[in-house]
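Novice: Here it is, the structure in full.
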Amino acid sequence: MSFPIARRAAAQGLLGGLIAAGPAMAQGYPSRPVRLVVPFPPGGGVDAVARILAEPLGTALGQPVIIENRAGAGGAIGVDSVAKAPPDGHALSMVSPGNMTAGPVVRPTPYDPLGLGFVSMLARSPLLLVCRNSLPAQDLAAFVALLRRQPDAIRFASGGVGTGTHLAAELMNLRLGVRMVHVPYRGTAPALTDLVAGNVDIFFSDTSAWPMVQQGQLRLLAVSSAATWATSPGTPSVGSAVPDFDISNWYGLVAPPGTPAPVRDRLAAELAAILARAEVATVLGRIGFDPAPMPPDAFGAFVRAELETWRAVVQAANIRAD
């Protein structure tokens, strides 16, 4: 037997052993504390959702869930550390569009997003299409009409090239067949500051823009998701005026490649039960998110579809990493 064949046979034998051991592993899972990697610094939305869920998940599992913030490379460093961990469910990572779907089609990641062990989507919120108060369009329909008449005159802000806030506006360009002018910033905060000052026209912001809307500093034209946003149920969706437009900011949970399905199913079931609690929904609502549990297979299919959407947008807009 040649060395490559022997190595392949050994790998197949190991994989077969892991599959066979899956149910038994799930019965004794977890056998020690679970490490939950948040691939961003403390204080952001991903970190907040992780901290809301960690304690009740630990109680349900019978082992502590310990949060480890491991930031860098747009969230790729933390996810990669879990991708390389033993596939036993004791290392998990929070994920989001930036390190799973929108980001990887612009900047390659050291891991294959579709090769990870999908556990569950956790929470989602729309992006908020906000505009400067002086924009001569009082509602979504008026804005779309203005955009069709003068696309080159509309300047859209983003939190950086290839971010979800960038690709959302490029998706609008693609669906309407127009071309707004991109003005990238280094993050959401400076983009919002310049929008309030009137230096740009619109921004697909995360929900951190909501207090500025409430204070009258910005105007909310629409939300990016087709589903009603509970925080502002009267706000229309972008999709009501733009064909085939339904996107959201979401957070989910993954495990290392090869993590047995029974382990991932157990985690998904516990998380679904936690997210169904009224008090958890209330706390998530305070940061602009709605519970969105999704079983492993459905979560994987969702990520696969979103990757295809953003790949098409990146190709159409000829977006290059900066």
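Scheme for the structure tokens: letters A, B, ... for chains in order shown; per-chain residue numbers from 1; ligand numbers from 1 in order shown.
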Quick one: pick out all strand (DSSP E) residues within segment 121-175 of chain A from a backbone DSSP run and write them as a ChimeraX atom specification.
Specialist: /A:121-125,128-132,155-158
Novice: Keeping only all heavy atoms, write those residues as an mmCIF file, in the first residue's frame.
Specialist:
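As written to disk, selection.cif reads:
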```cif
data_model
loop_
_atom_site.group_PDB
_atom_site.id
_atom_site.type_symbol
_atom_site.label_atom_id
_atom_site.label_comp_id
_atom_site.auth_asym_id
_atom_site.auth_seq_id
_atom_site.Cartn_x
_atom_site.Cartn_y
_atom_site.Cartn_z
ATOM 1 N N MET A 121 -28.549 29.369 14.482
ATOM 2 C CA MET A 121 -28.650 30.816 14.528
ATOM 3 C C MET A 121 -29.209 31.156 15.900
ATOM 4 O O MET A 121 -29.926 30.366 16.510
ATOM 5 C CB MET A 121 -29.566 31.354 13.431
ATOM 6 C CG MET A 121 -29.604 32.879 13.368
ATOM 7 S SD MET A 121 -30.782 33.524 12.150
ATOM 8 C CE MET A 121 -29.915 33.155 10.630
ATOM 9 N N LEU A 122 -28.864 32.339 16.404
ATOM 10 C CA LEU A 122 -29.292 32.719 17.742
ATOM 11 C C LEU A 122 -30.235 33.921 17.737
ATOM 12 O O LEU A 122 -31.301 33.887 18.342
ATOM 13 C CB LEU A 122 -28.068 33.042 18.607
ATOM 14 C CG LEU A 122 -27.050 31.916 18.758
ATOM 15 C CD1 LEU A 122 -25.813 32.422 19.493
ATOM 16 C CD2 LEU A 122 -27.667 30.733 19.480
ATOM 17 N N ALA A 123 -29.822 34.973 17.073
ATOM 18 C CA ALA A 123 -30.608 36.213 17.096
ATOM 19 C C ALA A 123 -30.359 36.970 15.808
ATOM 20 O O ALA A 123 -29.329 36.808 15.158
ATOM 21 C CB ALA A 123 -30.203 37.066 18.293
ATOM 22 N N ARG A 124 -31.324 37.794 15.454
ATOM 23 C CA ARG A 124 -31.154 38.601 14.250
ATOM 24 C C ARG A 124 -31.873 39.926 14.415
ATOM 25 O O ARG A 124 -32.801 40.070 15.214
ATOM 26 C CB ARG A 124 -31.652 37.848 13.012
ATOM 27 C CG ARG A 124 -33.132 37.570 12.987
ATOM 28 C CD ARG A 124 -33.487 36.499 11.947
ATOM 29 N NE ARG A 124 -33.050 36.829 10.601
ATOM 30 C CZ ARG A 124 -33.173 35.996 9.561
ATOM 31 N NH1 ARG A 124 -33.710 34.799 9.732
ATOM 32 N NH2 ARG A 124 -32.772 36.358 8.364
ATOM 33 N N SER A 125 -31.416 40.878 13.645
ATOM 34 C CA SER A 125 -32.054 42.188 13.617
ATOM 35 C C SER A 125 -31.887 42.736 12.208
ATOM 36 O O SER A 125 -30.971 42.335 11.480
ATOM 37 C CB SER A 125 -31.413 43.145 14.623
ATOM 38 O OG SER A 125 -30.118 43.523 14.192
ATOM 39 N N LEU A 128 -30.747 49.097 9.514
ATOM 40 C CA LEU A 128 -31.644 50.248 9.434
ATOM 41 C C LEU A 128 -31.177 51.165 8.307
ATOM 42 O O LEU A 128 -30.036 51.653 8.320
ATOM 43 C CB LEU A 128 -31.642 51.020 10.759
ATOM 44 C CG LEU A 128 -31.919 50.205 12.033
ATOM 45 C CD1 LEU A 128 -31.988 51.144 13.238
ATOM 46 C CD2 LEU A 128 -33.187 49.391 11.908
ATOM 47 N N LEU A 129 -32.032 51.377 7.333
ATOM 48 C CA LEU A 129 -31.723 52.318 6.260
ATOM 49 C C LEU A 129 -32.054 53.713 6.779
ATOM 50 O O LEU A 129 -33.221 54.118 6.830
ATOM 51 C CB LEU A 129 -32.532 51.997 5.001
ATOM 52 C CG LEU A 129 -32.374 52.989 3.836
ATOM 53 C CD1 LEU A 129 -30.906 53.162 3.443
ATOM 54 C CD2 LEU A 129 -33.214 52.552 2.642
ATOM 55 N N VAL A 130 -31.012 54.437 7.193
ATOM 56 C CA VAL A 130 -31.192 55.770 7.759
ATOM 57 C C VAL A 130 -30.605 56.805 6.807
ATOM 58 O O VAL A 130 -29.696 56.515 6.017
ATOM 59 C CB VAL A 130 -30.535 55.903 9.150
ATOM 60 C CG1 VAL A 130 -31.318 55.113 10.193
ATOM 61 C CG2 VAL A 130 -29.079 55.421 9.127
ATOM 62 N N CYS A 131 -31.130 58.016 6.879
ATOM 63 C CA CYS A 131 -30.658 59.084 5.992
ATOM 64 C C CYS A 131 -30.475 60.369 6.786
ATOM 65 O O CYS A 131 -30.972 60.521 7.904
ATOM 66 C CB CYS A 131 -31.634 59.300 4.837
ATOM 67 S SG CYS A 131 -33.214 60.031 5.314
ATOM 68 N N ARG A 132 -29.743 61.284 6.174
ATOM 69 C CA ARG A 132 -29.594 62.623 6.782
ATOM 70 C C ARG A 132 -30.949 63.318 6.772
ATOM 71 O O ARG A 132 -31.779 63.103 5.871
ATOM 72 C CB ARG A 132 -28.553 63.443 6.030
ATOM 73 C CG ARG A 132 -28.838 63.652 4.548
ATOM 74 C CD ARG A 132 -27.719 64.442 3.885
ATOM 75 N NE ARG A 132 -27.864 64.479 2.433
ATOM 76 C CZ ARG A 132 -28.559 65.370 1.741
ATOM 77 N NH1 ARG A 132 -29.197 66.338 2.395
ATOM 78 N NH2 ARG A 132 -28.638 65.315 0.423
ATOM 79 N N ARG A 155 -24.804 59.533 -2.021
ATOM 80 C CA ARG A 155 -23.584 59.002 -1.404
ATOM 81 C C ARG A 155 -23.974 58.108 -0.232
ATOM 82 O O ARG A 155 -24.628 58.572 0.704
ATOM 83 C CB ARG A 155 -22.719 60.160 -0.909
ATOM 84 C CG ARG A 155 -22.276 61.142 -2.001
ATOM 85 C CD ARG A 155 -21.962 62.506 -1.412
ATOM 86 N NE ARG A 155 -23.150 63.087 -0.767
ATOM 87 C CZ ARG A 155 -23.128 64.165 0.001
ATOM 88 N NH1 ARG A 155 -21.998 64.791 0.247
ATOM 89 N NH2 ARG A 155 -24.233 64.630 0.540
ATOM 90 N N PHE A 156 -23.565 56.856 -0.294
ATOM 91 C CA PHE A 156 -23.874 55.962 0.824
ATOM 92 C C PHE A 156 -22.629 55.673 1.644
ATOM 93 O O PHE A 156 -21.545 55.424 1.106
ATOM 94 C CB PHE A 156 -24.542 54.669 0.343
ATOM 95 C CG PHE A 156 -23.643 53.654 -0.306
ATOM 96 C CD1 PHE A 156 -22.986 52.685 0.455
ATOM 97 C CD2 PHE A 156 -23.488 53.629 -1.679
ATOM 98 C CE1 PHE A 156 -22.177 51.733 -0.146
ATOM 99 C CE2 PHE A 156 -22.687 52.673 -2.292
ATOM 100 C CZ PHE A 156 -22.024 51.725 -1.525
ATOM 101 N N ALA A 157 -22.785 55.738 2.953
ATOM 102 C CA ALA A 157 -21.694 55.428 3.873
ATOM 103 C C ALA A 157 -21.647 53.925 4.121
ATOM 104 O O ALA A 157 -22.634 53.205 3.953
ATOM 105 C CB ALA A 157 -21.902 56.170 5.196
ATOM 106 N N SER A 158 -20.468 53.451 4.549
ATOM 107 C CA SER A 158 -20.344 52.071 5.001
ATOM 108 C C SER A 158 -19.333 52.031 6.138
ATOM 109 O O SER A 158 -18.557 52.974 6.331
ATOM 110 C CB SER A 158 -19.892 51.138 3.871
ATOM 111 O OG SER A 158 -18.491 51.197 3.690
#
```
Novice: Residues near segment 39-49 of chain A, anyone? I mean within 8 Å using only C-alpha atoms, not counting same-chain ones fewer than 3 positions away, as a list in words.
Specialist: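 With the cut-off at 8 Å, the set is Ile52, Leu53, Asn69, Arg70, Ala71, Gly72, Gly74, Gly75, Ala76, Ile77, Gly78, Val79, Ser93, Met94, Val95, Ser96, Ala123, Tyr251, Leu284 and Ile287 of chain A.
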Novice: Go through A:Arg264, A:Arg277, A:Arg320, A:Arg219 and flag the residue nearest Phe143 of chain A, using only C-alpha atoms for the distances.
Specialist: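 Closest residue, counting only C-alpha atoms: A:Arg219.
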Novice: Which residues come within 8 Å of Gly159 of chain A, counting only C-alpha atoms, excluding same-chain residues fewer than 6 positions away, as JSON, numbers by chain?
Specialist: {"A": [165, 166, 184, 185, 186, 187, 188, 191]}
Novice: List the neighbours of Pro293 of chain A out to 9 Å using only C-alpha atoms; skip same-chain residues closer than 4 positions along the sequence, and give me the result as a list in words.
Specialist: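 The contact residues come out as Ser120, Met121, Leu122, Ala123, Gly252, Ala268, Ala269, Leu271, Ala272, Ala273, Leu275, Ala276 and Phe299 of chain A.
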Novice: Please produce an output containing N, CA and C atoms for each residue in the selection, written as a CSV table (one decimal), in the first residue's frame.
Specialist:
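result-v9.csv written:
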```csv
chain,number,residue,atom,x,y,z
A,120,SER,N,-26.6,26.6,15.6
A,120,SER,CA,-27.8,27.3,15.5
A,120,SER,C,-27.6,28.8,15.2
A,121,MET,N,-28.5,29.4,14.5
A,121,MET,CA,-28.7,30.8,14.5
A,121,MET,C,-29.2,31.2,15.9
A,122,LEU,N,-28.9,32.3,16.4
A,122,LEU,CA,-29.3,32.7,17.7
A,122,LEU,C,-30.2,33.9,17.7
A,123,ALA,N,-29.8,35.0,17.1
A,123,ALA,CA,-30.6,36.2,17.1
A,123,ALA,C,-30.4,37.0,15.8
A,252,GLY,N,-24.8,33.7,15.2
A,252,GLY,CA,-25.0,32.3,15.3
A,252,GLY,C,-23.9,31.6,16.1
A,268,ALA,N,-28.3,22.9,20.1
A,268,ALA,CA,-29.4,23.7,19.4
A,268,ALA,C,-30.7,23.6,20.1
A,269,ALA,N,-31.0,22.4,20.7
A,269,ALA,CA,-32.3,22.2,21.4
A,269,ALA,C,-32.3,23.1,22.7
A,271,LEU,N,-30.5,25.7,23.3
A,271,LEU,CA,-30.6,27.2,22.9
A,271,LEU,C,-32.0,27.6,22.5
A,272,ALA,N,-32.7,26.7,21.8
A,272,ALA,CA,-34.0,27.1,21.3
A,272,ALA,C,-34.9,27.3,22.5
A,273,ALA,N,-34.8,26.4,23.5
A,273,ALA,CA,-35.6,26.5,24.8
A,273,ALA,C,-35.3,27.8,25.5
A,275,LEU,N,-34.0,30.6,24.2
A,275,LEU,CA,-34.5,31.7,23.4
A,275,LEU,C,-36.0,31.9,23.4
A,276,ALA,N,-36.7,30.8,23.7
A,276,ALA,CA,-38.1,30.9,23.8
A,276,ALA,C,-38.6,31.6,25.1
A,299,PHE,N,-29.7,26.1,9.6
A,299,PHE,CA,-28.7,27.2,9.8
A,299,PHE,C,-27.6,27.0,8.7
```
Novice: What's around Ser134 of chain A at 12 Å? Count only C-alpha atoms, leave out sequence neighbours fewer than 6 positions away in its own chain, and write the answer as a PyMOL selection string.
Specialist: chain A and resi 195-202+216-219
Novice: Based on the selection just made, write all heavy atoms of those residues as a short mmCIF file (atom, residue, chain, number, x, y, z; two decimals), in the first residue's frame.
Specialist:
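Produced file again.cif, reproduced below:
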```
data_model
loop_
_atom_site.label_atom_id
_atom_site.label_comp_id
_atom_site.auth_asym_id
_atom_site.auth_seq_id
_atom_site.Cartn_x
_atom_site.Cartn_y
_atom_site.Cartn_z
N LEU A 195 -22.98 61.06 8.81
CA LEU A 195 -24.36 61.09 8.31
C LEU A 195 -25.17 62.15 9.05
O LEU A 195 -25.92 62.92 8.43
CB LEU A 195 -25.00 59.71 8.48
CG LEU A 195 -26.42 59.55 7.89
CD1 LEU A 195 -26.41 59.74 6.39
CD2 LEU A 195 -26.98 58.17 8.26
N VAL A 196 -25.02 62.21 10.35
CA VAL A 196 -25.71 63.24 11.14
C VAL A 196 -25.28 64.63 10.68
O VAL A 196 -26.10 65.56 10.59
CB VAL A 196 -25.42 63.05 12.65
CG1 VAL A 196 -25.92 64.26 13.45
CG2 VAL A 196 -26.07 61.77 13.17
N ALA A 197 -23.99 64.77 10.34
CA ALA A 197 -23.47 66.07 9.89
C ALA A 197 -23.91 66.41 8.47
O ALA A 197 -23.70 67.54 8.01
CB ALA A 197 -21.95 66.07 9.98
N GLY A 198 -24.50 65.46 7.76
CA GLY A 198 -24.97 65.71 6.41
C GLY A 198 -23.92 65.55 5.34
O GLY A 198 -24.13 65.97 4.19
N ASN A 199 -22.80 64.91 5.67
CA ASN A 199 -21.72 64.75 4.70
C ASN A 199 -21.93 63.57 3.76
O ASN A 199 -21.25 63.46 2.74
CB ASN A 199 -20.37 64.60 5.43
CG ASN A 199 -20.00 65.84 6.21
OD1 ASN A 199 -20.28 66.96 5.78
ND2 ASN A 199 -19.40 65.66 7.37
N VAL A 200 -22.81 62.66 4.12
CA VAL A 200 -23.25 61.56 3.26
C VAL A 200 -24.76 61.50 3.33
O VAL A 200 -25.39 62.17 4.16
CB VAL A 200 -22.61 60.21 3.67
CG1 VAL A 200 -21.15 60.14 3.28
CG2 VAL A 200 -22.78 59.96 5.17
N ASP A 201 -25.36 60.69 2.47
CA ASP A 201 -26.82 60.73 2.34
C ASP A 201 -27.54 59.60 3.09
O ASP A 201 -28.56 59.85 3.74
CB ASP A 201 -27.21 60.67 0.87
CG ASP A 201 -26.67 61.86 0.10
OD1 ASP A 201 -26.95 63.00 0.51
OD2 ASP A 201 -25.96 61.64 -0.90
N ILE A 202 -27.04 58.37 2.96
CA ILE A 202 -27.72 57.24 3.59
C ILE A 202 -26.69 56.28 4.18
O ILE A 202 -25.49 56.35 3.86
CB ILE A 202 -28.61 56.46 2.59
CG1 ILE A 202 -27.74 55.75 1.54
CG2 ILE A 202 -29.66 57.35 1.97
CD1 ILE A 202 -28.43 54.60 0.85
N GLY A 216 -34.17 62.33 16.81
CA GLY A 216 -34.42 63.23 15.70
C GLY A 216 -33.17 63.64 14.93
O GLY A 216 -33.23 64.56 14.09
N GLN A 217 -32.04 62.97 15.17
CA GLN A 217 -30.82 63.31 14.46
C GLN A 217 -30.76 62.70 13.06
O GLN A 217 -30.06 63.20 12.18
CB GLN A 217 -29.60 62.85 15.27
CG GLN A 217 -29.43 63.53 16.61
CD GLN A 217 -28.27 62.93 17.38
OE1 GLN A 217 -28.36 61.83 17.92
NE2 GLN A 217 -27.18 63.66 17.44
N LEU A 218 -31.47 61.59 12.87
CA LEU A 218 -31.53 60.90 11.60
C LEU A 218 -32.96 60.50 11.31
O LEU A 218 -33.79 60.44 12.22
CB LEU A 218 -30.64 59.64 11.62
CG LEU A 218 -29.14 59.83 11.79
CD1 LEU A 218 -28.46 58.48 11.99
CD2 LEU A 218 -28.54 60.57 10.61
N ARG A 219 -33.23 60.16 10.06
CA ARG A 219 -34.55 59.68 9.68
C ARG A 219 -34.45 58.22 9.24
O ARG A 219 -33.57 57.85 8.46
CB ARG A 219 -35.11 60.54 8.54
CG ARG A 219 -36.59 60.28 8.27
CD ARG A 219 -37.25 61.45 7.54
NE ARG A 219 -36.75 61.65 6.19
CZ ARG A 219 -36.02 62.69 5.80
NH1 ARG A 219 -35.69 63.63 6.67
NH2 ARG A 219 -35.61 62.81 4.56
#
```
Novice: Could you pull out the residues in segment 196-314 of chain A that DSSP calls alpha helix (DSSP H) from the backbone, as number ranges by chain?
Specialist: A: 196, 210-214, 261-275, 278-286, 296-314
Novice: For Ala227 of chain A, work out the shell of residues within 12 Å, counting only C-alpha atoms and skipping chain neighbours fewer than 6 positions away, then give it as a list in words.
Specialist: Arg124, Ser125, Pro126, Leu127, Pro233, Gly234, Thr235, Pro236, Ser237, Val238, Gly239, Ser240, Phe245, Asp246, Ile247, Ser248, Asp290 and Ala292 of chain A
Novice: Pick out the residues sitting within 9 Å of segment 98-115 of chain A, and hand them over as a ChimeraX atom specification; count only C-alpha atoms, and ignore anything fewer than 6 positions along from it in its own chain.
Specialist: /A:39,73-77,79-80,83-84,161-164,167,256-258,300,303-304,306-311,314,319-321
Novice: In terms of the shortest atom-to-atom distance over only C-alpha atoms, which of A:Ala168, A:Ala281, A:Val183, A:Leu176 is closest to Ala230 of chain A?
Specialist: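 Smallest distance to Ala230 of chain A is found for A:Ala281.
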Novice: Any idea what the distance is between atom CA of Ala169 of chain A and atom CA of Phe203 of chain A?
Specialist: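 Atom CA of Phe203 of chain A lies 7.9 Å from atom CA of Ala169 of chain A.
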